[in-house]
>>> print(open('start_2.txt').read())   # compact mmCIF, C-alpha atoms and all ligand atoms
# COMPACT_ATOMS: atom_id res chain seq x y z
CA MET A 1 0.00 0.00 0.00
CA THR A 2 1.43 3.36 -0.98
CA GLY A 3 0.54 6.81 0.31
CA THR A 4 0.69 8.71 3.55
CA GLY A 5 -1.90 10.47 5.65
CA ARG A 6 -5.02 9.06 7.18
CA LEU A 7 -6.76 6.28 5.31
CA ARG A 8 -10.52 6.91 5.26
CA ALA A 9 -11.87 3.88 3.40
CA VAL A 10 -10.92 0.58 1.83
CA VAL A 11 -12.71 -0.47 -1.38
CA LEU A 12 -12.52 -4.17 -2.12
CA ASP A 13 -12.86 -6.20 -5.29
CA ILE A 14 -14.52 -9.63 -4.96
CA GLU A 15 -13.34 -12.21 -7.52
CA GLY A 16 -9.69 -13.07 -6.88
CA THR A 17 -9.44 -10.64 -3.92
CA THR A 18 -11.92 -11.27 -1.11
CA GLY A 19 -13.18 -14.49 -2.69
CA SER A 20 -11.82 -17.26 -4.84
CA LEU A 21 -11.48 -16.79 -8.58
CA ASP A 22 -12.18 -20.51 -9.05
CA HIS A 23 -15.41 -20.33 -7.06
CA VAL A 24 -16.73 -17.49 -9.23
CA GLN A 25 -15.60 -19.12 -12.49
CA ASP A 26 -16.40 -22.76 -11.73
CA VAL A 27 -19.46 -22.51 -9.46
CA LEU A 28 -21.25 -19.16 -9.77
CA PHE A 29 -20.91 -18.49 -13.49
CA PRO A 30 -21.99 -21.98 -14.65
CA TYR A 31 -24.88 -21.97 -12.14
CA ALA A 32 -26.28 -18.82 -13.76
CA ARG A 33 -25.40 -19.77 -17.36
CA ALA A 34 -27.39 -23.02 -17.07
CA ARG A 35 -30.48 -21.06 -15.96
CA PHE A 36 -30.60 -18.08 -18.38
CA ALA A 37 -33.20 -19.66 -20.68
CA SER A 38 -35.45 -20.96 -17.90
CA TRP A 39 -35.26 -17.65 -16.00
CA LEU A 40 -36.27 -15.64 -19.09
CA ALA A 41 -39.11 -18.05 -19.86
CA ALA A 42 -40.38 -18.08 -16.26
CA HIS A 43 -40.33 -14.26 -16.01
CA ARG A 44 -41.61 -13.52 -19.53
CA GLY A 45 -43.60 -10.27 -19.63
CA THR A 46 -42.65 -9.13 -16.10
CA ALA A 47 -40.97 -5.81 -15.29
CA GLN A 48 -37.70 -7.62 -14.47
CA TRP A 49 -37.75 -9.47 -17.80
CA ARG A 50 -38.43 -6.19 -19.64
CA ARG A 51 -35.54 -4.48 -17.85
CA ILE A 52 -33.16 -7.28 -18.88
CA LEU A 53 -34.29 -7.14 -22.53
CA ASP A 54 -34.03 -3.33 -22.57
CA ALA A 55 -30.56 -3.44 -21.04
CA VAL A 56 -29.46 -6.05 -23.59
CA ALA A 57 -30.81 -3.83 -26.39
CA ASP A 58 -28.92 -0.81 -24.97
CA GLU A 59 -25.71 -2.82 -24.84
CA ALA A 60 -26.18 -4.43 -28.27
CA GLY A 61 -27.38 -1.24 -29.95
CA SER A 62 -30.49 -2.95 -31.35
CA VAL A 63 -33.83 -4.20 -30.03
CA GLN A 64 -33.76 -7.92 -29.21
CA ASP A 65 -36.54 -10.43 -28.74
CA GLU A 66 -36.10 -12.99 -25.97
CA ALA A 67 -34.24 -15.46 -28.19
CA GLY A 68 -31.86 -12.76 -29.41
CA ALA A 69 -31.27 -11.51 -25.89
CA LEU A 70 -30.60 -15.05 -24.68
CA ALA A 71 -28.05 -15.64 -27.44
CA LEU A 72 -26.23 -12.42 -26.56
CA LEU A 73 -26.29 -13.11 -22.82
CA GLU A 74 -24.85 -16.58 -23.42
CA ARG A 75 -22.15 -15.17 -25.70
CA TRP A 76 -21.19 -12.52 -23.11
CA ALA A 77 -21.13 -15.14 -20.35
CA ASP A 78 -18.90 -17.45 -22.37
CA ALA A 79 -16.44 -14.60 -22.99
CA ASP A 80 -16.75 -13.29 -19.38
CA VAL A 81 -17.73 -9.87 -20.69
CA LYS A 82 -18.42 -7.60 -17.72
CA THR A 83 -21.60 -6.05 -19.05
CA PRO A 84 -24.48 -4.72 -16.90
CA PRO A 85 -27.37 -6.83 -18.32
CA LEU A 86 -25.38 -10.04 -17.87
CA LYS A 87 -24.34 -9.05 -14.34
CA THR A 88 -27.93 -8.11 -13.43
CA LEU A 89 -29.32 -11.41 -14.72
CA GLN A 90 -26.60 -13.46 -13.01
CA GLY A 91 -27.40 -11.70 -9.72
CA LEU A 92 -31.12 -12.41 -10.07
CA ILE A 93 -30.46 -16.10 -10.72
CA TRP A 94 -27.90 -16.44 -7.91
CA SER A 95 -30.32 -14.89 -5.41
CA SER A 96 -32.52 -18.01 -5.58
CA GLY A 97 -29.46 -20.24 -5.17
CA TYR A 98 -28.41 -18.39 -2.01
CA ALA A 99 -31.97 -18.39 -0.68
CA ASP A 100 -32.36 -22.16 -1.01
CA GLY A 101 -28.85 -22.97 0.22
CA GLN A 102 -27.40 -24.19 -3.09
CA LEU A 103 -24.88 -21.33 -3.19
CA GLN A 104 -22.54 -19.79 -0.66
CA GLY A 105 -20.33 -16.71 -1.09
CA HIS A 106 -16.70 -17.80 -0.90
CA VAL A 107 -14.73 -15.49 1.40
CA TYR A 108 -11.12 -16.08 2.48
CA ALA A 109 -10.55 -16.52 6.24
CA ASP A 110 -8.62 -13.24 6.57
CA VAL A 111 -11.54 -11.14 5.27
CA PRO A 112 -13.83 -11.03 8.36
CA PRO A 113 -11.00 -10.06 10.76
CA ALA A 114 -9.75 -7.39 8.33
CA LEU A 115 -13.24 -5.90 8.09
CA GLU A 116 -13.56 -5.98 11.90
CA ARG A 117 -10.15 -4.32 12.32
CA TRP A 118 -10.90 -1.53 9.85
CA LYS A 119 -14.30 -0.99 11.43
CA ALA A 120 -12.73 -0.68 14.90
CA ARG A 121 -10.27 1.88 13.49
CA GLY A 122 -12.98 3.98 11.88
CA VAL A 123 -11.94 3.08 8.32
CA GLY A 124 -14.87 2.75 5.88
CA ARG A 125 -15.39 -0.60 4.16
CA PHE A 126 -16.84 -0.77 0.66
CA VAL A 127 -17.07 -3.24 -2.22
CA TYR A 128 -16.58 -2.47 -5.91
CA SER A 129 -17.21 -5.43 -8.17
CA SER A 130 -18.43 -6.09 -11.71
CA GLY A 131 -21.07 -8.25 -10.05
CA SER A 132 -24.31 -6.33 -9.44
CA VAL A 133 -24.85 -4.70 -6.04
CA ALA A 134 -27.60 -7.27 -5.36
CA ALA A 135 -25.14 -10.08 -6.16
CA GLN A 136 -22.48 -8.52 -3.92
CA ARG A 137 -24.93 -8.25 -1.02
CA ASP A 138 -25.99 -11.88 -1.48
CA TRP A 139 -22.34 -13.00 -1.64
CA PHE A 140 -21.36 -11.30 1.62
CA GLY A 141 -24.68 -12.20 3.23
CA HIS A 142 -24.15 -15.96 2.80
CA THR A 143 -20.61 -16.94 3.75
CA GLU A 144 -19.26 -19.73 5.91
CA TYR A 145 -18.44 -16.98 8.44
CA GLY A 146 -22.06 -15.86 8.50
CA ASP A 147 -23.62 -12.62 7.29
CA LEU A 148 -20.78 -10.13 6.79
CA ARG A 149 -23.02 -7.29 5.56
CA PRO A 150 -23.03 -5.52 8.95
CA LEU A 151 -19.27 -5.06 8.47
CA LEU A 152 -19.71 -3.29 5.11
CA ASP A 153 -20.73 0.32 4.53
CA GLY A 154 -21.72 0.16 0.88
CA TYR A 155 -21.38 -1.35 -2.58
CA PHE A 156 -20.52 -0.10 -6.09
CA ASP A 157 -21.02 -1.85 -9.42
CA LEU A 158 -20.88 -1.17 -13.16
CA THR A 159 -24.17 0.71 -13.11
CA THR A 160 -23.45 2.91 -10.09
CA ALA A 161 -19.74 3.62 -10.64
CA GLY A 162 -18.89 2.55 -14.21
CA PRO A 163 -16.29 0.18 -15.66
CA LYS A 164 -13.57 -0.90 -13.26
CA THR A 165 -10.80 -0.12 -15.73
CA SER A 166 -11.77 3.58 -16.12
CA PRO A 167 -10.16 6.18 -13.82
CA GLU A 168 -13.44 8.15 -13.96
CA SER A 169 -15.18 5.32 -12.07
CA TYR A 170 -12.81 5.84 -9.14
CA ASP A 171 -13.44 9.62 -9.33
CA THR A 172 -17.17 8.84 -9.06
CA ILE A 173 -16.68 6.60 -6.02
CA ALA A 174 -14.39 9.11 -4.29
CA ARG A 175 -16.99 11.84 -4.83
CA GLN A 176 -19.75 9.62 -3.45
CA LEU A 177 -17.66 8.71 -0.40
CA GLY A 178 -16.72 12.36 0.14
CA HIS A 179 -13.00 11.67 0.55
CA ALA A 180 -9.89 12.72 -1.33
CA PRO A 181 -8.61 9.94 -3.62
CA ALA A 182 -5.34 9.76 -1.66
CA ALA A 183 -7.33 8.78 1.44
CA LEU A 184 -8.81 5.74 -0.32
CA LEU A 185 -7.33 2.28 -0.87
CA PHE A 186 -8.46 0.00 -3.70
CA VAL A 187 -7.63 -3.68 -3.37
CA SER A 188 -7.89 -5.91 -6.44
CA ASP A 189 -6.37 -8.82 -8.34
CA LEU A 190 -6.36 -7.10 -11.75
CA GLY A 191 -3.64 -4.77 -12.97
CA ALA A 192 -5.93 -2.79 -15.30
CA GLU A 193 -8.28 -2.00 -12.40
CA LEU A 194 -5.43 -1.04 -10.08
CA ASP A 195 -3.85 1.13 -12.79
CA ALA A 196 -7.16 2.97 -13.24
CA ALA A 197 -7.48 3.56 -9.48
CA ALA A 198 -3.87 4.77 -9.25
CA THR A 199 -4.43 7.12 -12.20
CA ALA A 200 -7.35 8.58 -10.24
CA GLY A 201 -4.96 9.20 -7.33
CA TRP A 202 -5.97 6.28 -5.10
CA ARG A 203 -3.69 4.09 -3.02
CA THR A 204 -3.63 0.52 -4.31
CA ALA A 205 -2.81 -3.01 -3.21
CA ALA A 206 -2.51 -5.95 -5.61
CA VAL A 207 -3.75 -9.27 -4.28
CA ARG A 208 -2.52 -12.62 -5.49
CA ARG A 209 -3.94 -15.42 -3.38
CA SER A 210 -1.82 -18.54 -2.70
CA ASP A 211 -4.41 -20.73 -4.49
CA ASP A 212 -4.27 -18.48 -7.57
CA ASP A 213 -1.45 -19.34 -9.99
CA ARG A 214 -1.74 -16.30 -12.25
CA ALA A 215 1.36 -14.11 -12.52
CA PRO A 216 1.71 -11.36 -9.92
CA VAL A 217 0.46 -7.88 -10.85
CA PRO A 218 3.41 -5.55 -11.47
CA GLY A 219 3.52 -1.91 -10.43
CA HIS A 220 1.47 -2.04 -7.22
CA PRO A 221 2.27 -3.07 -3.63
CA ALA A 222 1.61 -6.81 -3.46
CA VAL A 223 -0.14 -8.85 -0.75
CA ASP A 224 -1.39 -12.43 -0.57
CA SER A 225 -4.18 -11.66 1.91
CA LEU A 226 -5.86 -8.66 3.53
CA ALA A 227 -3.97 -9.25 6.80
CA PRO A 228 -0.97 -6.98 6.04
CA LEU A 229 -3.18 -4.03 5.07
CA LEU A 230 -3.33 -1.43 7.88
C1 LIG B 1 -20.70 -11.97 -6.24
S1 LIG B 1 -20.20 -10.85 -7.36
C2 LIG B 1 -19.73 -11.92 -8.67
C3 LIG B 1 -18.54 -11.48 -9.30
C4 LIG B 1 -18.73 -11.25 -10.75
O1 LIG B 1 -19.81 -11.38 -11.30
C5 LIG B 1 -17.61 -10.85 -11.50
O2 LIG B 1 -17.71 -10.63 -12.69
C6 LIG B 1 -16.31 -10.67 -10.80
O3 LIG B 1 -15.95 -9.38 -10.86
P1 LIG B 1 -14.96 -8.69 -9.81
O4 LIG B 1 -15.09 -7.27 -10.22
O5 LIG B 1 -15.44 -8.97 -8.43
O6 LIG B 1 -13.60 -9.24 -10.07
MG MG B 2 -11.37 -9.30 -9.29
>>> encode(input="start_2.txt", output="structure tokens", more="lines below")
Ligand SMILES: CSCCC(=O)C(=O)COP(=O)(O)O
Ligand SMILES: [Mg+2]
Amino acid sequence: MTGTGRLRAVVLDIEGTTGSLDHVQDVLFPYARARFASWLAAHRGTAQWRRILDAVADEAGSVQDEAGALALLERWADADVKTPPLKTLQGLIWSSGYADGQLQGHVYADVPPALERWKARGVGRFVYSSGSVAAQRDWFGHTEYGDLRPLLDGYFDLTTAGPKTSPESYDTIARQLGHAPAALLFVSDLGAELDAAATAGWRTAAVRRSDDDRAPVPGHPAVDSLAPLL
């Protein structure tokens, strides 16, 4: 972590940072992908269904019927495109899985104590993920350590902050939090996200978990858990 002066808030990524990359890729994503068609059919004509089709049309630049929307959503899922309609639909599908106990949010063991420590020190605790805010809340609400939402102050996603690789998204979050960028720490596993945060003047920490064999992220202070932070 670089920077001096009082740290006001920590903003955490999910996949590859607070939770396992493999769990998101091998459990969550396939769970949703297998249910796109049945979800659209079961919700046909509802306000939620309309919002998904409208969001797909916005993203695609052309009106889509349900079959066209389904094809695009499946294509985006297969390419792991971080696009709002896909993220919204995944979150809606996961919510049933959490509710009936089929899904659990994977959180590394060092996360709850880090959140407790920062809370005790008066440091704000926020999440910024490509997953929808609803999906983030479900993830942290259903972990093996219990409901961690009381330890979190707020959530940002693609629709509320913008793309994670754009410096402007970090400007938006800093404005919403009411703190100078240099008083904020972004923690993520992806270099492009950390570069964007650093360009916006934030402190950064690059996470590479011991069960994650991707190359380390260059150019940012490196940690393998949240324990060394603060
Ligand atoms: C529980 S949120 C699911 C995470 C997700 O959908 C995703 O695309 C991962 O993005 P992140 O920004 O958390 O790396
Ligand atoms: Mg990530």
>>> residues_around(input="start_2.txt", residues="stretch 198-203 of chain A", least_positions_apart="2", cutoff="6 Å", atoms="all atoms listed in the file", output="list in words")
Thr2, Pro167, Pro181, Ala182, Leu184, Leu185, Asp195 and Ala196 of chain A
>>> residues_near_ligand(input="start_2.txt", ligand="ligand MG 2 (chain B)", cutoff="10 Å", atoms="all atoms listed in the file", output="list in words")
Leu12, Asp13, Ile14, Glu15, Gly16, Thr17, Thr18, Gly19, Ser20, Leu21, Val24, Tyr128, Ser129, Ser130, Gly131, Lys164, Val187, Ser188, Asp189, Leu190, Gly191, Glu193 and Val207 of chain A
>>> closest_residue(input="start_2.txt", among="A:Gly61, A:Pro113, A:Gly162, A:Gly105", to="A:Glu144", atoms="all atoms listed in the file")
A:Gly105
>>> atom_distance(input="start_2.txt", atom1="atom O2 of ligand LIG 1 (chain B)", atom2="atom CA of A:Ala34")
16.3 Å
>>> residues_around(input="start_2.txt", residues="A:Val56", least_positions_apart="6", cutoff="12 Å", atoms="all atoms listed in the file", output="PyMOL selection string")
chain A and resi 49-50+62-76+83-89
>>> write_last_selection(input="start_2.txt", atoms="C-alpha atoms", output="compact mmCIF listing (two decimals), in the coordinates of the input")
# COMPACT_ATOMS: atom_id res chain seq x y z
CA TRP A 49 -37.75 -9.47 -17.80
CA ARG A 50 -38.43 -6.19 -19.64
CA SER A 62 -30.49 -2.95 -31.35
CA VAL A 63 -33.83 -4.20 -30.03
CA GLN A 64 -33.76 -7.92 -29.21
CA ASP A 65 -36.54 -10.43 -28.74
CA GLU A 66 -36.10 -12.99 -25.97
CA ALA A 67 -34.24 -15.46 -28.19
CA GLY A 68 -31.86 -12.76 -29.41
CA ALA A 69 -31.27 -11.51 -25.89
CA LEU A 70 -30.60 -15.05 -24.68
CA ALA A 71 -28.05 -15.64 -27.44
CA LEU A 72 -26.23 -12.42 -26.56
CA LEU A 73 -26.29 -13.11 -22.82
CA GLU A 74 -24.85 -16.58 -23.42
CA ARG A 75 -22.15 -15.17 -25.70
CA TRP A 76 -21.19 -12.52 -23.11
CA THR A 83 -21.60 -6.05 -19.05
CA PRO A 84 -24.48 -4.72 -16.90
CA PRO A 85 -27.37 -6.83 -18.32
CA LEU A 86 -25.38 -10.04 -17.87
CA LYS A 87 -24.34 -9.05 -14.34
CA THR A 88 -27.93 -8.11 -13.43
CA LEU A 89 -29.32 -11.41 -14.72
>>> closest_atom_pairs(input="start_2.txt", of="stretch 23-52 of chain A", to="stretch 91-104 of chain A", cutoff="8 Å", atoms="all atoms listed in the file", output="CSV")
residue,atom,partner,partner_atom,distance
A:Leu28,CA,A:Trp94,CA,7.4
A:Tyr31,CA,A:Trp94,CA,7.6
A:Ala32,CA,A:Ile93,CA,5.8
A:Arg35,CA,A:Ile93,CA,7.2
A:Phe36,CA,A:Ile93,CA,7.9
A:Trp39,CA,A:Ile93,CA,7.3
>>> closest_residue(input="start_2.txt", among="A:Arg125, A:His142, A:His43, A:Arg117", to="ligand LIG 1 (chain B)", atoms="all atoms listed in the file")
A:His142
>>> atom_distance(input="start_2.txt", atom1="atom CA of A:Ala114", atom2="atom CA of A:Asp22")
21.9 Å
>>> atom_distance(input="start_2.txt", atom1="atom CA of A:Ala42", atom2="atom CA of A:Glu59")
22.8 Å
>>> closest_residue(input="start_2.txt", among="A:Leu7, A:Ala135, A:Leu151, A:Ala120", to="ligand LIG 1 (chain B)", atoms="only C-alpha atoms and all ligand atoms")
A:Ala135
>>> closest_residue(input="start_2.txt", among="A:Ile173, A:Ala206, A:Val127, A:Ala47", to="A:Tyr155", atoms="all atoms listed in the file")
A:Val127
